[in-house]
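See below for the structure under consideration.
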Amino acid sequence: MKVKGIALFSGGLDSILAVKIIMSQGIEVLGLTYKTPFFGDTKAKTSAKKIGLPLTVLDITEEHLEMVKAPRHGYGKNMNPCIDCHTLMLKIAGGIMKDTGADFIFTGEVLGQRAMSQTKQSLHVVAKNSGCQDYIIRPLSAKLLPETKPEIEGKVDRQRLLAIRGKGRKNQIELAHHYGITDYAAPAGGCLLTDPMFSKRLRDLFTHHKDFRIRDVELLKYGRQFRIDPSSKVVVGRNIFENEVLQKLSEGGDALLHMAHFPGPTVLVPYKRDDATLLHAASLCALYSDAPKDEEVVVLCRKGDTCHAIRIKAAKKEEAERWMT
């Protein structure tokens, strides 16, 4: 019976090389990638198509969000719970391995490449907590790590695996040349949880809205964001694209504001809130518009099927900066 492996596939060079190394042993490989509000599947889909890798995409938003709220091993520099995230991904992959009759799971991780999640201890903890420790192979660094069951059983030839260590890319670039891989994405994070600004906004959401929804997380990606009070937030579009996105993300209970007589942003007040919040939102709409900053102007506020005009002056910049998250 042919040996089968499941690749946790990000679409980056390391994961591409891991697939190539395993495929070179005549092993059948199925790619597996995940998507959440914090990272997508575009890069994985593009790379999988280029190398002829069958790819399954799973949306793990709900379980991933629960983990992000309170990760067992804490966060990295920002809101990135890398150890717990990798554990969750491998645990899910382990279930698929059993369901599909695959023989092992493998990743493109490199020992020592990332300070938090790719130390020898971290790789061990992740594998152990995933529940499938004996079946996880890291082909790029396998010779520096304990032998796994598929290697012991001869399903994977350990001698044809590698011993790459550290943050340098020289070995990977040489290997890419060997396999004829010339078009691959730059080694960027790709996860919003590593972004300082997004992380700040997410902390604010966790602090003030314990019952937040996925829509609230999506909103964090766009516009200038202002925390008016513990229960009220305002989002101001920065360009035409964001104005359109805010309109698409709006719901019946929200308020949408825009200038009556001057070019300006779309402003979203999620869940409508009180009149005082709407006045602040209107003043922000005026501030980031082309209207004169020292004159009273008209801002239109739509709530459901109703629309009314608010006459107001632009907010002071120092006030806006105090509200900004």
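If you're wondering about the labels, chains in the structure tokens are A, B, ... by order shown, residues count from 1 in each chain, ligands from 1 in order shown.
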Counting only C-alpha atoms, what is within 12 Å of Lys248 of chain A, bar same-chain residues fewer than 3 positions away, as an MDAnalysis selection string?
chainID A and resid 215 218:219 222 241:245 251:252 254 256 266 268
Near Ile22 of chain A, within 12 Å and counting only C-alpha atoms, which residues show up once chain neighbours fewer than 6 positions away are dropped, as a ChimeraX atom specification?
/A:3-7,15-16,28-31,53,104-108,137-140,142,151,155-162
Report as a ChimeraX atom specification all protein, DNA and RNA residues lying within 10 Å of Thr194 of chain A, evaluated on only C-alpha atoms, omitting residues in the same chain fewer than 5 positions from it.
/A:38,75-82,189,199
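In this comparison, which uses only C-alpha atoms, the residue of A:Val125, A:Ala309, A:Ile96, A:Ala281 approaching Trp323 of chain A most closely is A:Ala281.
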DSSP helix (DSSP H, G or I) selection over segment 29-242 of chain A, as a VMD selection string:
chain A and resid 42 to 51 61 to 69 82 to 100 120 to 130 133 to 135 142 to 144 149 to 152 158 to 160 170 to 178 192 to 194 196 to 208 214 to 219 240 to 242
From the set A:Lys313, A:Lys2, A:Arg201, A:Lys303, which residue has the shortest atom-to-atom contact distance to Ala282 of chain A, counting only C-alpha atoms?
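For Ala282 of chain A, the nearest of the given residues is A:Lys313.
Between atom CA of Asn171 of chain A and atom CA of Gly94 of chain A the interatomic distance comes to 29.2 Å.
With only C-alpha atoms taken into account, the protein and nucleic acid residues at most 12 Å from Asp59 of chain A (excluding it and anything under 4 positions from it in its own chain) are Leu32, Thr33, Tyr34, Lys35, Thr36, Pro37, Phe38, Phe39, Gly40, Asp41, Glu63, His64, Leu65, Met89 and Ile92 of chain A.
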Output N, CA and C atoms for every residue in that selection, as a CSV table (one decimal), in the first residue's frame.
chain,number,residue,atom,x,y,z
A,32,LEU,N,-2.7,20.6,3.3
A,32,LEU,CA,-3.8,21.0,4.2
A,32,LEU,C,-3.4,22.4,4.7
A,33,THR,N,-4.4,23.4,4.5
A,33,THR,CA,-4.1,24.7,5.0
A,33,THR,C,-5.4,25.2,5.7
A,34,TYR,N,-5.2,26.3,6.5
A,34,TYR,CA,-6.3,26.8,7.3
A,34,TYR,C,-6.6,28.2,7.0
A,35,LYS,N,-7.8,28.7,7.3
A,35,LYS,CA,-8.1,30.1,7.2
A,35,LYS,C,-8.9,30.6,8.4
A,36,THR,N,-8.6,31.8,8.8
A,36,THR,CA,-9.3,32.4,10.0
A,36,THR,C,-9.4,33.9,9.6
A,37,PRO,N,-10.0,34.7,10.4
A,37,PRO,CA,-10.0,36.2,10.2
A,37,PRO,C,-8.5,36.7,10.3
A,38,PHE,N,-7.6,36.0,10.8
A,38,PHE,CA,-6.2,36.5,11.0
A,38,PHE,C,-5.3,36.1,9.9
A,39,PHE,N,-5.6,35.1,9.1
A,39,PHE,CA,-4.8,34.7,8.0
A,39,PHE,C,-5.6,33.9,7.0
A,40,GLY,N,-5.2,34.0,5.7
A,40,GLY,CA,-6.1,33.5,4.7
A,40,GLY,C,-5.4,32.3,4.0
A,41,ASP,N,-6.0,31.9,2.9
A,41,ASP,CA,-5.5,30.7,2.2
A,41,ASP,C,-5.0,31.0,0.8
A,63,GLU,N,-12.9,27.6,16.6
A,63,GLU,CA,-11.9,27.0,17.5
A,63,GLU,C,-10.7,27.9,17.7
A,64,HIS,N,-10.3,28.5,16.6
A,64,HIS,CA,-9.1,29.3,16.7
A,64,HIS,C,-9.3,30.6,17.5
A,65,LEU,N,-10.5,31.2,17.4
A,65,LEU,CA,-10.8,32.4,18.2
A,65,LEU,C,-10.8,32.0,19.7
A,89,MET,N,-3.5,23.4,15.0
A,89,MET,CA,-3.4,23.0,13.6
A,89,MET,C,-3.0,21.5,13.5
A,92,ILE,N,-5.8,19.1,14.6
A,92,ILE,CA,-6.8,18.9,13.6
A,92,ILE,C,-6.3,18.0,12.5
Which residue gives the smallest distance to Tyr271 of chain A among A:Lys233, A:Lys91, A:Arg238, A:Arg302, with only C-alpha atoms counted?
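Nearest to Tyr271 of chain A: A:Lys233.
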Distance in Å - atom CA of Glu295 of chain A versus atom CA of Ile228 of chain A:
22.6 Å
